[in-house]
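Structure file input.cif with mmCIF, C-alpha atoms and all ligand atoms:
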data_input
#
loop_
_atom_site.label_atom_id
_atom_site.label_comp_id
_atom_site.auth_asym_id
_atom_site.auth_seq_id
_atom_site.Cartn_x
_atom_site.Cartn_y
_atom_site.Cartn_z
CA VAL A 256 112.02 36.96 130.20
CA TYR A 257 110.45 33.52 130.15
CA ASN A 258 110.76 31.59 126.90
CA PHE A 259 107.79 29.26 126.29
CA SER A 260 109.07 28.10 122.89
CA ALA A 261 108.24 24.59 121.66
CA GLY A 262 111.80 24.33 120.38
CA PRO A 263 114.55 25.34 120.12
CA ALA A 264 113.84 25.63 123.79
CA VAL A 265 115.25 27.27 126.86
CA LEU A 266 118.49 25.79 128.27
CA PRO A 267 119.48 25.76 131.96
CA VAL A 268 121.06 29.08 132.93
CA SER A 269 123.89 27.26 134.71
CA VAL A 270 124.69 25.37 131.49
CA ILE A 271 124.82 28.58 129.44
CA LYS A 272 127.14 30.10 132.06
CA LYS A 273 129.43 27.08 132.04
CA MET A 274 129.61 27.19 128.25
CA GLN A 275 130.65 30.84 128.45
CA ALA A 276 133.19 30.17 131.18
CA GLU A 277 134.81 27.35 129.21
CA GLN A 278 135.43 29.52 126.12
CA PRO A 279 137.61 30.57 124.38
CA SER A 280 139.92 27.93 125.84
CA PHE A 281 138.30 24.54 126.37
CA LYS A 282 140.12 22.49 129.01
CA ASP A 283 143.21 24.71 128.65
CA SER A 284 143.64 23.67 125.03
CA GLY A 285 143.78 27.24 123.79
CA MET A 286 140.85 26.39 121.49
CA SER A 287 137.13 26.91 121.83
CA VAL A 288 134.91 23.81 121.73
CA LEU A 289 133.70 25.25 118.44
CA GLU A 290 137.19 24.72 117.07
CA ILE A 291 138.36 21.37 118.42
CA SER A 292 138.86 18.37 116.16
CA HIS A 293 136.44 15.47 116.34
CA ARG A 294 139.49 13.20 116.06
CA SER A 295 141.08 14.67 119.20
CA SER A 296 141.08 13.09 122.64
CA LEU A 297 139.38 16.26 123.91
CA TYR A 298 136.36 15.39 121.78
CA GLU A 299 136.49 11.65 122.37
CA GLU A 300 136.49 12.06 126.13
CA MET A 301 133.58 14.47 125.96
CA PHE A 302 131.63 12.19 123.61
CA HIS A 303 132.07 9.06 125.73
CA GLN A 304 131.17 10.93 128.93
CA ALA A 305 127.97 12.32 127.36
CA LYS A 306 127.04 8.87 126.10
CA SER A 307 127.59 7.18 129.45
CA ASP A 308 125.69 9.94 131.30
CA LEU A 309 122.72 9.49 128.96
CA ARG A 310 122.92 5.73 129.54
CA LYS A 311 122.77 6.35 133.28
CA LEU A 312 119.92 8.87 133.04
CA MET A 313 117.65 6.64 130.95
CA LYS A 314 118.92 3.34 132.42
CA ILE A 315 119.80 2.18 128.90
CA PRO A 316 120.94 -1.47 129.01
CA ASP A 317 124.23 -2.49 127.35
CA THR A 318 122.19 -4.36 124.76
CA TYR A 319 121.31 -0.96 123.25
CA GLU A 320 123.54 1.26 121.15
CA ILE A 321 123.42 5.04 121.58
CA LEU A 322 123.98 7.04 118.39
CA PHE A 323 124.50 10.79 118.11
CA GLN A 324 123.09 11.66 114.68
CA GLN A 325 122.17 14.71 112.63
CA GLY A 326 119.18 15.65 110.48
CA GLY A 327 116.72 16.03 113.34
CA ALA A 328 113.87 13.73 114.24
CA THR A 329 112.61 14.23 110.69
CA LEU A 330 115.51 12.30 109.16
CA GLN A 331 114.86 9.51 111.64
CA PHE A 332 111.35 9.08 110.19
CA THR A 333 113.24 7.87 107.09
CA ALA A 334 116.21 6.21 108.78
CA THR A 335 114.10 4.02 111.11
CA ALA A 336 112.07 2.79 108.11
CA LEU A 337 115.20 2.08 106.04
CA ASN A 338 116.99 0.26 108.85
CA LEU A 339 114.15 -1.64 110.50
CA ALA A 340 111.32 -2.09 107.99
CA THR A 341 113.28 -4.67 106.03
CA LYS A 342 111.34 -7.93 106.30
CA GLN A 343 107.62 -7.17 105.88
CA LYS A 344 108.26 -3.69 104.55
CA ARG A 345 105.19 -2.83 106.59
CA ILE A 346 104.78 -0.83 109.78
CA GLY A 347 101.87 0.04 112.06
CA LEU A 348 101.35 3.73 112.74
CA ILE A 349 99.78 4.96 115.96
CA ASP A 350 98.34 8.20 114.66
CA SER A 351 98.27 10.63 117.56
CA GLY A 352 98.64 13.81 115.54
CA HIS A 353 100.82 15.80 113.17
CA TRP A 354 104.27 14.44 113.98
CA SER A 355 103.18 10.82 113.97
CA GLN A 356 101.59 11.39 110.55
CA ARG A 357 104.83 12.92 109.31
CA ALA A 358 106.67 9.78 110.44
CA GLY A 359 104.23 7.67 108.41
CA GLN A 360 104.52 9.85 105.30
CA GLU A 361 108.31 9.69 105.27
CA ALA A 362 108.27 5.90 105.72
CA GLN A 363 105.91 5.59 102.76
CA LEU A 364 108.30 7.61 100.62
CA VAL A 365 110.91 4.88 100.95
CA GLY A 366 108.50 2.16 99.90
CA VAL A 367 107.20 1.02 103.28
CA GLU A 368 103.52 0.17 103.71
CA VAL A 369 102.02 2.13 106.61
CA ASP A 370 99.00 0.67 108.36
CA PRO A 371 97.21 3.16 110.65
CA VAL A 372 96.61 0.80 113.59
CA ALA A 373 95.00 3.46 115.78
CA SER A 374 94.01 7.08 115.46
CA GLY A 375 93.04 10.00 117.66
CA GLN A 376 91.27 11.66 114.74
CA ALA A 377 87.74 11.23 116.14
CA SER A 378 88.64 13.43 119.12
CA GLY A 379 90.42 16.01 116.94
CA TYR A 380 93.64 14.56 118.42
CA THR A 381 92.77 15.87 121.88
CA GLU A 382 92.74 12.25 123.13
CA LEU A 383 95.30 9.51 122.64
CA PRO A 384 94.51 6.24 120.91
CA TYR A 385 95.39 3.20 123.08
CA GLN A 386 93.47 0.36 121.41
CA LEU A 387 95.46 -1.02 118.49
CA ASN A 388 93.85 -2.80 115.58
CA LEU A 389 96.71 -5.09 114.56
CA THR A 390 96.35 -7.16 111.40
CA GLY A 391 99.14 -9.38 110.08
CA ALA A 392 102.85 -8.85 110.54
CA TYR A 393 104.68 -5.59 111.09
CA ASP A 394 108.37 -4.74 111.15
CA TYR A 395 107.51 -2.32 113.96
CA LEU A 396 104.84 -0.08 115.42
CA HIS A 397 105.56 3.65 115.57
CA ILE A 398 104.50 5.79 118.52
CA THR A 399 105.00 9.49 119.29
CA THR A 400 105.28 9.55 123.08
CA ASN A 401 104.54 13.27 123.37
CA ASN A 402 102.57 15.22 120.80
CA THR A 403 104.19 18.63 120.79
CA ILE A 404 101.48 20.37 118.80
CA GLU A 405 98.34 18.74 120.22
CA GLY A 406 99.61 18.66 123.83
CA THR A 407 99.02 14.98 124.58
CA MET A 408 101.44 12.49 126.17
CA TYR A 409 101.49 8.74 126.72
CA ARG A 410 101.95 7.91 130.40
CA ARG A 411 101.38 4.23 129.72
CA LEU A 412 102.12 2.58 126.41
CA PRO A 413 99.49 0.72 124.35
CA ALA A 414 99.68 -3.10 124.31
CA THR A 415 101.81 -3.99 121.30
CA GLU A 416 101.19 -7.77 121.32
CA GLY A 417 104.82 -8.64 120.92
CA ASN A 418 105.51 -6.20 118.10
CA LEU A 419 108.62 -4.07 118.13
CA LEU A 420 107.99 -0.49 119.21
CA VAL A 421 109.75 2.56 117.75
CA GLY A 422 109.27 5.76 119.71
CA ASP A 423 109.67 9.39 118.70
CA MET A 424 110.48 10.96 122.08
CA SER A 425 111.53 14.33 120.73
CA SER A 426 109.43 16.44 123.08
CA ASN A 427 109.55 14.52 126.35
CA ILE A 428 112.80 12.56 126.37
CA LEU A 429 114.42 12.91 129.82
CA GLY A 430 111.29 14.68 131.08
CA GLN A 431 109.12 11.62 131.55
CA SER A 432 110.23 8.15 132.67
CA TYR A 433 109.91 5.32 130.18
CA ASP A 434 111.37 1.84 130.27
CA VAL A 435 113.83 1.64 127.37
CA ASN A 436 113.24 -2.13 127.29
CA ASP A 437 109.72 -1.47 125.97
CA PHE A 438 111.24 -0.07 122.77
CA GLY A 439 113.32 -1.49 119.96
CA LEU A 440 114.38 2.03 119.05
CA ILE A 441 113.94 5.52 120.46
CA TYR A 442 114.83 8.73 118.67
CA ALA A 443 114.65 12.40 119.60
CA GLY A 444 115.80 15.74 118.24
CA ALA A 445 117.88 17.51 120.88
CA GLN A 446 116.48 21.02 120.68
CA LYS A 447 113.77 20.66 123.32
CA ASN A 448 114.99 18.79 126.39
CA ILE A 449 118.64 18.17 125.54
CA GLY A 450 120.51 21.03 123.92
CA PRO A 451 120.94 22.94 120.68
CA ALA A 452 119.49 21.78 117.36
CA GLY A 453 121.87 19.78 115.21
CA LEU A 454 122.06 16.70 117.40
CA THR A 455 119.62 13.80 117.24
CA ILE A 456 119.68 10.94 119.71
CA VAL A 457 119.02 7.38 118.55
CA ILE A 458 118.87 4.53 121.05
CA VAL A 459 118.62 1.19 119.29
CA LYS A 460 118.72 -2.43 120.37
CA LYS A 461 121.99 -3.86 119.08
CA ASP A 462 120.43 -7.02 117.69
CA LEU A 463 118.32 -4.91 115.31
CA LEU A 464 121.37 -3.53 113.58
CA GLY A 465 122.71 -4.86 110.31
CA GLN A 466 119.42 -6.04 108.76
CA ALA A 467 119.43 -3.49 105.97
CA GLN A 468 121.54 -3.79 102.89
CA ALA A 469 123.36 -1.10 100.94
CA LEU A 470 122.06 2.01 102.67
CA PRO A 471 123.68 5.41 102.21
CA ALA A 472 126.31 5.46 104.95
CA MET A 473 124.85 8.42 106.84
CA LEU A 474 121.52 6.62 107.18
CA ASP A 475 122.99 3.26 108.11
CA TYR A 476 122.75 2.73 111.88
CA SER A 477 125.19 -0.18 111.91
CA LYS A 478 127.86 1.83 110.07
CA GLN A 479 127.24 4.75 112.42
CA ALA A 480 127.56 2.45 115.44
CA LYS A 481 130.83 0.95 114.15
CA LYS A 482 132.28 4.44 113.74
CA ASP A 483 131.05 5.69 117.14
CA SER A 484 128.76 8.22 115.41
CA ALA A 485 131.77 9.91 113.83
CA LEU A 486 131.43 8.57 110.31
CA ASN A 487 131.74 12.19 109.22
CA THR A 488 132.25 15.38 111.22
CA PRO A 489 129.81 15.22 114.15
CA PRO A 490 128.09 18.29 115.65
CA VAL A 491 130.80 18.75 118.28
CA PHE A 492 129.34 21.82 119.95
CA ALA A 493 125.83 20.34 120.22
CA ILE A 494 127.26 17.16 121.78
CA TYR A 495 129.26 19.27 124.23
CA ALA A 496 126.14 21.24 125.24
CA ALA A 497 124.10 18.03 125.56
CA GLY A 498 126.81 16.60 127.81
CA LEU A 499 126.52 19.61 130.12
CA VAL A 500 122.73 19.21 130.22
CA PHE A 501 123.11 15.51 131.10
CA LYS A 502 125.35 16.47 134.05
CA TRP A 503 122.82 19.11 135.10
CA LEU A 504 120.08 16.46 135.02
CA LEU A 505 122.16 13.99 137.03
CA ASP A 506 122.85 16.68 139.64
CA LEU A 507 119.14 17.42 139.96
CA GLY A 508 118.20 13.79 140.52
CA GLY A 509 117.70 12.45 137.01
CA VAL A 510 114.58 11.75 134.99
CA ALA A 511 112.32 10.88 137.95
CA ALA A 512 113.10 14.22 139.61
CA MET A 513 112.57 16.04 136.33
CA GLN A 514 109.24 14.30 135.78
CA LYS A 515 108.07 15.52 139.21
CA ARG A 516 109.12 19.07 138.40
CA ASN A 517 107.35 18.92 135.04
CA GLU A 518 104.18 17.55 136.65
CA LYS A 519 104.22 20.40 139.16
CA LYS A 520 104.65 23.04 136.47
CA ALA A 521 101.90 21.61 134.25
CA ALA A 522 99.55 21.19 137.24
CA LEU A 523 99.87 24.86 138.14
CA LEU A 524 98.91 25.95 134.64
CA TYR A 525 96.18 23.33 134.20
CA ASP A 526 94.64 24.16 137.61
CA TYR A 527 94.26 27.71 136.44
CA LEU A 528 92.94 26.73 132.98
CA ASP A 529 90.38 24.29 134.41
CA ASN A 530 88.94 27.04 136.59
CA SER A 531 89.14 29.95 134.17
CA THR A 532 86.06 31.36 132.49
CA LEU A 533 88.17 33.01 129.78
CA PHE A 534 90.86 30.46 128.87
CA LYS A 535 90.19 26.86 127.90
CA PRO A 536 92.65 23.99 127.70
CA ALA A 537 92.71 22.22 124.31
CA VAL A 538 93.15 18.83 126.02
CA THR A 539 90.42 18.10 128.56
CA LYS A 540 91.18 14.43 129.25
CA VAL A 541 93.44 14.75 132.27
CA SER A 542 95.30 11.44 131.85
CA ASP A 543 96.30 12.31 128.27
CA ARG A 544 97.66 15.78 129.03
CA SER A 545 101.28 16.49 128.20
CA THR A 546 103.45 17.89 130.96
CA THR A 547 105.72 19.61 128.45
CA ASN A 548 103.34 21.27 125.95
CA VAL A 549 100.13 22.93 127.09
CA PRO A 550 97.87 24.36 124.34
CA PHE A 551 95.01 26.68 125.36
CA MET A 552 92.78 29.36 123.87
CA THR A 553 90.02 31.86 124.58
CA GLY A 554 87.95 30.76 121.58
CA ASP A 555 88.20 34.27 120.12
CA GLU A 556 91.10 34.65 117.67
CA ALA A 557 91.37 38.42 118.05
CA LEU A 558 91.51 38.09 121.82
CA ASP A 559 94.16 35.36 121.54
CA ALA A 560 96.26 37.68 119.36
CA ARG A 561 95.88 40.50 121.88
CA PHE A 562 96.85 38.17 124.72
CA ILE A 563 99.98 37.02 122.89
CA GLU A 564 100.98 40.58 122.09
CA GLU A 565 100.52 41.81 125.66
CA ALA A 566 102.23 38.73 127.11
CA THR A 567 105.23 39.31 124.82
CA ALA A 568 105.48 42.90 126.05
CA GLN A 569 105.65 41.48 129.60
CA GLY A 570 108.56 39.18 128.68
CA LEU A 571 106.42 36.03 128.29
CA LEU A 572 107.79 34.94 124.94
CA ASN A 573 106.82 32.49 122.19
CA LEU A 574 103.30 31.72 123.46
CA LYS A 575 101.70 31.64 120.02
CA GLY A 576 100.09 28.26 119.40
CA HIS A 577 100.85 26.05 116.41
CA ARG A 578 98.67 26.95 113.40
CA LEU A 579 97.05 23.47 113.46
CA VAL A 580 95.60 24.09 116.93
CA GLY A 581 95.57 27.89 117.10
CA GLY A 582 95.40 29.90 120.31
CA MET A 583 98.36 29.68 122.65
CA ARG A 584 100.85 27.03 123.68
CA ALA A 585 103.11 27.07 126.70
CA SER A 586 106.02 24.67 126.39
CA LEU A 587 107.40 23.75 129.80
CA TYR A 588 110.46 21.65 129.02
CA ASN A 589 112.95 20.50 131.64
CA ALA A 590 114.93 23.74 131.81
CA PHE A 591 111.82 25.92 132.01
CA PRO A 592 111.48 27.26 135.58
CA TYR A 593 108.39 26.96 137.83
CA GLU A 594 108.57 30.73 138.36
CA GLY A 595 107.86 31.18 134.66
CA VAL A 596 104.55 29.34 135.02
CA GLU A 597 103.71 31.46 138.07
CA ALA A 598 104.41 34.58 136.01
CA LEU A 599 102.21 33.30 133.17
CA VAL A 600 99.29 32.46 135.46
CA ALA A 601 99.55 35.85 137.20
CA PHE A 602 99.48 37.54 133.81
CA MET A 603 96.49 35.47 132.66
CA GLU A 604 94.57 36.45 135.80
CA LYS A 605 95.31 40.10 135.16
CA PHE A 606 94.40 39.83 131.49
CA ALA A 607 91.10 38.09 132.30
CA LYS A 608 90.16 40.95 134.65
CA THR A 609 90.93 43.60 132.01
CA VAL A 610 88.59 41.93 129.53
CA GLY A 611 85.88 41.64 132.18
CA GLU A 612 86.02 37.88 132.92
N1 LIG B 701 108.71 14.82 116.31
C1 LIG B 701 108.19 15.60 117.26
C2 LIG B 701 107.35 14.98 118.33
C3 LIG B 701 108.43 16.97 117.24
O1 LIG B 701 107.93 17.77 118.19
C4 LIG B 701 109.24 17.53 116.21
C5 LIG B 701 109.53 18.97 116.16
O2 LIG B 701 108.95 19.78 116.83
C6 LIG B 701 109.75 16.67 115.24
C7 LIG B 701 109.48 15.33 115.32
C8 LIG B 701 110.63 17.19 114.13
O3 LIG B 701 111.86 17.41 114.69
P1 LIG B 701 113.12 17.98 113.92
O4 LIG B 701 112.90 19.43 113.73
O5 LIG B 701 114.25 17.65 114.86
O6 LIG B 701 113.25 17.24 112.63
#
Can you present the structure in this file as C-alpha cells?
Amino acid sequence: VYNFSAGPAVLPVSVIKKMQAEQPSFKDSGMSVLEISHRSSLYEEMFHQAKSDLRKLMKIPDTYEILFQQGGATLQFTATALNLATKQKRIGLIDSGHWSQRAGQEAQLVGVEVDPVASGQASGYTELPYQLNLTGAYDYLHITTNNTIEGTMYRRLPATEGNLLVGDMSSNILGQSYDVNDFGLIYAGAQKNIGPAGLTIVIVKKDLLGQAQALPAMLDYSKQAKKDSALNTPPVFAIYAAGLVFKWLLDLGGVAAMQKRNEKKAALLYDYLDNSTLFKPAVTKVSDRSTTNVPFMTGDEALDARFIEEATAQGLLNLKGHRLVGGMRASLYNAFPYEGVEALVAFMEKFAKTVGE
C-alpha cells in the first residue's frame, strides 16, 4: 500500500526494519528501547547523537539550543507566546491558513495581542501573503512555512524588517531548506517528516532564553534547556525513532537531497493535475505550491467520495482531503516513495477514463 496521510505519516521502511531488528534487546542491554531509563547512558548517548545529527542536517549554529519537547506543535503555539512575547506582549501573525490561525488563537489565550500583519484570506488561502503591514513593535512575527491543509509553502520568506521570526515548520521541516539564522525560533511536531507523534522539536536562539518569569516548568524553554530536555520523563522511543530517521536523511544526502526528491514527487502529481480535465489542483499559483501536501478535487463531492473509495481498495490510503478544503489530499513527506506518486497518477488516469473524461 501507499500511505498518503498528512500525519502521522509514513516512515522509511529501512527505519522500521532497524527498529524491529534492535528489539527486544537494544544494544545488547537485554531491554527494549521502550523499557530503557531516560537516566541511563544508553538513552543519553542516543539523545546526544540525535541532537547533533539534527544540528548537522539543518546546519543549526551553536548559538541555537535544540529542545526535544512534548505536546505537539499545538503546545508550542502557547509556549512560544509565553517564552518570547514578554516585552510588548504583542505579536504579528502571518495568516496563511488554519494552522497559523490556531497559533494566533492560542497566543491570545495567554494574554498576547495578535496583529494580523498579512492574510491569504482574499484568495481563499490558495495563495501566500508576502507583503507585511507592520505597525509598531512586536515581540515576534509568526509564520507557518508549510500549510498542511491548504497545500501552500513558503520558498522565500517575507521581509520582516528586523523583527524576530518564529516558524511553525511542522509539515516541511527537513524536507525544504531554510536558513535557521532567519528565525529566532523554529518548532515542529515530529509525526510528519521526523518520526512518531509524541516528540516536538524546538530550535531556539540561546539569547532569547530566560526572558520569561515564573512559567510552569514544562513550558519554560530555559528550564528545559538546562535539563537537556529531560526535566521529566522524555518520549524515549520517539527520540530513538527520530534519531534513526536523522541517520537515514544523512545517508541520503541531507535536506538538499530530500528537497530535490520532494520537488520531483510533487512535480509528477502537479503535471498530471495541470493537464487533467477531471481533477483540479486547489493551489494554482505554481510558486506557492507545497511539495509535501497536494490538495485536489473533481468539483463533484460524490465523485470525490467514489474516487477515494476506489483508491483505498487499490491500496492508495488516506487520500481524503481535510474538511476545510474538501476533495482529496496527497501528502508526500520525505519517506513517501516516488513510486507511490506514479501509482496514484496511474490510478487517476484509469479513473478518469471510467468516468468518461
Ligand atoms: N502546525 C501545522 C502546520 C500542522 O500541520 C499541524 C498538524 O497537522 C499542527 C501545527 C498541529 O500539530 P500537533 O498535532 O503536533 O499539535
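Counting all atoms listed in the file and comparing A:Gly375, A:Gly570, A:Gly582, A:Gly262, the residue that lies closest to A:Ala557 is A:Gly582.
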6 Å contact set for stretch 477-490 of chain A, only C-alpha atoms, chain neighbours under 4 positions out, as a PDB file with C-alpha atoms, in the frame of the given file:
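Writing done, so here's around-v5.pdb:
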ATOM      1  CA  LEU A 322     123.980   7.040 118.390  1.00  0.00           C
ATOM      2  CA  PHE A 323     124.500  10.790 118.110  1.00  0.00           C
ATOM      3  CA  LEU A 464     121.370  -3.530 113.580  1.00  0.00           C
ATOM      4  CA  GLY A 465     122.710  -4.860 110.310  1.00  0.00           C
TER       5      GLY A 465
END
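What separates atom CA of A:Leu266 from atom CA of A:Tyr380 is a distance of 29.0 Å.
Atom CA of A:Leu309 lies 16.6 Å from atom CA of A:Lys461.
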Select the residues contacting ligand LIG 701 (chain B) at a distance of at most 8 Å, based on only C-alpha atoms and all ligand atoms, then format the selection as an MDAnalysis selection string. chainID A and resid 261:262 326:331 354:355 357:358 399:404 423:426 443:446 452:453 455
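The residue that comes closest to A:Asp506, out of A:Asp543, A:Asp308, A:Glu299, A:Asp526 and on the basis of all atoms listed in the file, is A:Asp308.
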How big is the axis-aligned box around all listed atoms of stretch 593-600 of chain A once 5 Å goes on each side, and where's its centre, in Å to one decimal, as AutoDock Vina command-line options?
--center_x 103.9 --center_y 30.8 --center_z 135.8 --size_x 19.3 --size_y 17.6 --size_z 15.2
Quick one, how far is atom CA of A:Pro263 from atom CA of A:Ile449? 9.9 Å
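Using only C-alpha atoms, the nearest neighbour of A:Gln343 within the list A:Asp317, A:Glu361, A:Asp437, A:Asp370 is A:Asp370.
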Residues at most 8 Å from A:Thr539, counting only C-alpha atoms, excluding those fewer than 3 positions away in the same chain, as a ChimeraX atom specification? /A:381,536,544
Got a minute to add N, CA and C atoms to stretch 331-355 of chain A and dump it as a PDB file, in the coordinates of the input?
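In the end it all went to out.pdb:
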ATOM      1  N   GLN A 331     115.056  10.834 111.033  1.00  0.00           N
ATOM      2  CA  GLN A 331     114.860   9.510 111.640  1.00  0.00           C
ATOM      3  C   GLN A 331     113.546   8.858 111.193  1.00  0.00           C
ATOM      4  N   PHE A 332     112.570   9.675 110.762  1.00  0.00           N
ATOM      5  CA  PHE A 332     111.350   9.080 110.190  1.00  0.00           C
ATOM      6  C   PHE A 332     111.767   8.149 109.038  1.00  0.00           C
ATOM      7  N   THR A 333     112.732   8.631 108.238  1.00  0.00           N
ATOM      8  CA  THR A 333     113.240   7.870 107.090  1.00  0.00           C
ATOM      9  C   THR A 333     114.200   6.769 107.543  1.00  0.00           C
ATOM     10  N   ALA A 334     115.150   7.146 108.399  1.00  0.00           N
ATOM     11  CA  ALA A 334     116.210   6.210 108.780  1.00  0.00           C
ATOM     12  C   ALA A 334     115.653   4.980 109.500  1.00  0.00           C
ATOM     13  N   THR A 335     114.665   5.177 110.388  1.00  0.00           N
ATOM     14  CA  THR A 335     114.100   4.020 111.110  1.00  0.00           C
ATOM     15  C   THR A 335     113.453   3.069 110.104  1.00  0.00           C
ATOM     16  N   ALA A 336     112.729   3.641 109.120  1.00  0.00           N
ATOM     17  CA  ALA A 336     112.070   2.790 108.110  1.00  0.00           C
ATOM     18  C   ALA A 336     113.116   2.039 107.294  1.00  0.00           C
ATOM     19  N   LEU A 337     114.171   2.730 106.868  1.00  0.00           N
ATOM     20  CA  LEU A 337     115.200   2.080 106.040  1.00  0.00           C
ATOM     21  C   LEU A 337     115.943   0.984 106.795  1.00  0.00           C
ATOM     22  N   ASN A 338     116.189   1.214 108.076  1.00  0.00           N
ATOM     23  CA  ASN A 338     116.990   0.260 108.850  1.00  0.00           C
ATOM     24  C   ASN A 338     116.175  -0.889 109.427  1.00  0.00           C
ATOM     25  N   LEU A 339     114.920  -0.616 109.774  1.00  0.00           N
ATOM     26  CA  LEU A 339     114.150  -1.640 110.500  1.00  0.00           C
ATOM     27  C   LEU A 339     112.990  -2.251 109.725  1.00  0.00           C
ATOM     28  N   ALA A 340     112.455  -1.525 108.734  1.00  0.00           N
ATOM     29  CA  ALA A 340     111.320  -2.090 107.990  1.00  0.00           C
ATOM     30  C   ALA A 340     111.851  -2.881 106.792  1.00  0.00           C
ATOM     31  N   THR A 341     112.564  -3.954 107.095  1.00  0.00           N
ATOM     32  CA  THR A 341     113.280  -4.670 106.030  1.00  0.00           C
ATOM     33  C   THR A 341     112.633  -6.014 105.665  1.00  0.00           C
ATOM     34  N   LYS A 342     111.859  -6.587 106.588  1.00  0.00           N
ATOM     35  CA  LYS A 342     111.340  -7.930 106.300  1.00  0.00           C
ATOM     36  C   LYS A 342     109.945  -7.859 105.671  1.00  0.00           C
ATOM     37  N   GLN A 343     108.996  -7.292 106.408  1.00  0.00           N
ATOM     38  CA  GLN A 343     107.620  -7.170 105.880  1.00  0.00           C
ATOM     39  C   GLN A 343     107.491  -5.935 104.992  1.00  0.00           C
ATOM     40  N   LYS A 344     108.384  -5.015 105.165  1.00  0.00           N
ATOM     41  CA  LYS A 344     108.260  -3.690 104.550  1.00  0.00           C
ATOM     42  C   LYS A 344     106.895  -3.082 104.869  1.00  0.00           C
ATOM     43  N   ARG A 345     106.517  -3.277 106.134  1.00  0.00           N
ATOM     44  CA  ARG A 345     105.190  -2.830 106.590  1.00  0.00           C
ATOM     45  C   ARG A 345     105.300  -2.426 108.054  1.00  0.00           C
ATOM     46  N   ILE A 346     104.771  -1.261 108.379  1.00  0.00           N
ATOM     47  CA  ILE A 346     104.780  -0.830 109.780  1.00  0.00           C
ATOM     48  C   ILE A 346     103.365  -0.422 110.212  1.00  0.00           C
ATOM     49  N   GLY A 347     103.143  -0.428 111.513  1.00  0.00           N
ATOM     50  CA  GLY A 347     101.870   0.040 112.060  1.00  0.00           C
ATOM     51  C   GLY A 347     102.063   1.427 112.644  1.00  0.00           C
ATOM     52  N   LEU A 348     101.192   2.349 112.269  1.00  0.00           N
ATOM     53  CA  LEU A 348     101.350   3.730 112.740  1.00  0.00           C
ATOM     54  C   LEU A 348     100.277   4.062 113.780  1.00  0.00           C
ATOM     55  N   ILE A 349     100.719   4.463 114.954  1.00  0.00           N
ATOM     56  CA  ILE A 349      99.780   4.960 115.960  1.00  0.00           C
ATOM     57  C   ILE A 349      99.655   6.457 115.707  1.00  0.00           C
ATOM     58  N   ASP A 350      98.522   6.823 115.122  1.00  0.00           N
ATOM     59  CA  ASP A 350      98.340   8.200 114.660  1.00  0.00           C
ATOM     60  C   ASP A 350      97.777   9.065 115.794  1.00  0.00           C
ATOM     61  N   SER A 351      98.692   9.780 116.435  1.00  0.00           N
ATOM     62  CA  SER A 351      98.270  10.630 117.560  1.00  0.00           C
ATOM     63  C   SER A 351      98.377  12.105 117.216  1.00  0.00           C
ATOM     64  N   GLY A 352      98.595  12.397 115.925  1.00  0.00           N
ATOM     65  CA  GLY A 352      98.640  13.810 115.540  1.00  0.00           C
ATOM     66  C   GLY A 352      99.686  14.069 114.466  1.00  0.00           C
ATOM     67  N   HIS A 353      99.991  15.343 114.294  1.00  0.00           N
ATOM     68  CA  HIS A 353     100.820  15.800 113.170  1.00  0.00           C
ATOM     69  C   HIS A 353     102.156  15.070 113.040  1.00  0.00           C
ATOM     70  N   TRP A 354     102.928  15.005 114.115  1.00  0.00           N
ATOM     71  CA  TRP A 354     104.270  14.440 113.980  1.00  0.00           C
ATOM     72  C   TRP A 354     104.253  12.947 113.721  1.00  0.00           C
ATOM     73  N   SER A 355     103.268  12.255 114.275  1.00  0.00           N
ATOM     74  CA  SER A 355     103.180  10.820 113.970  1.00  0.00           C
ATOM     75  C   SER A 355     102.822  10.635 112.493  1.00  0.00           C
TER      76      SER A 355
END
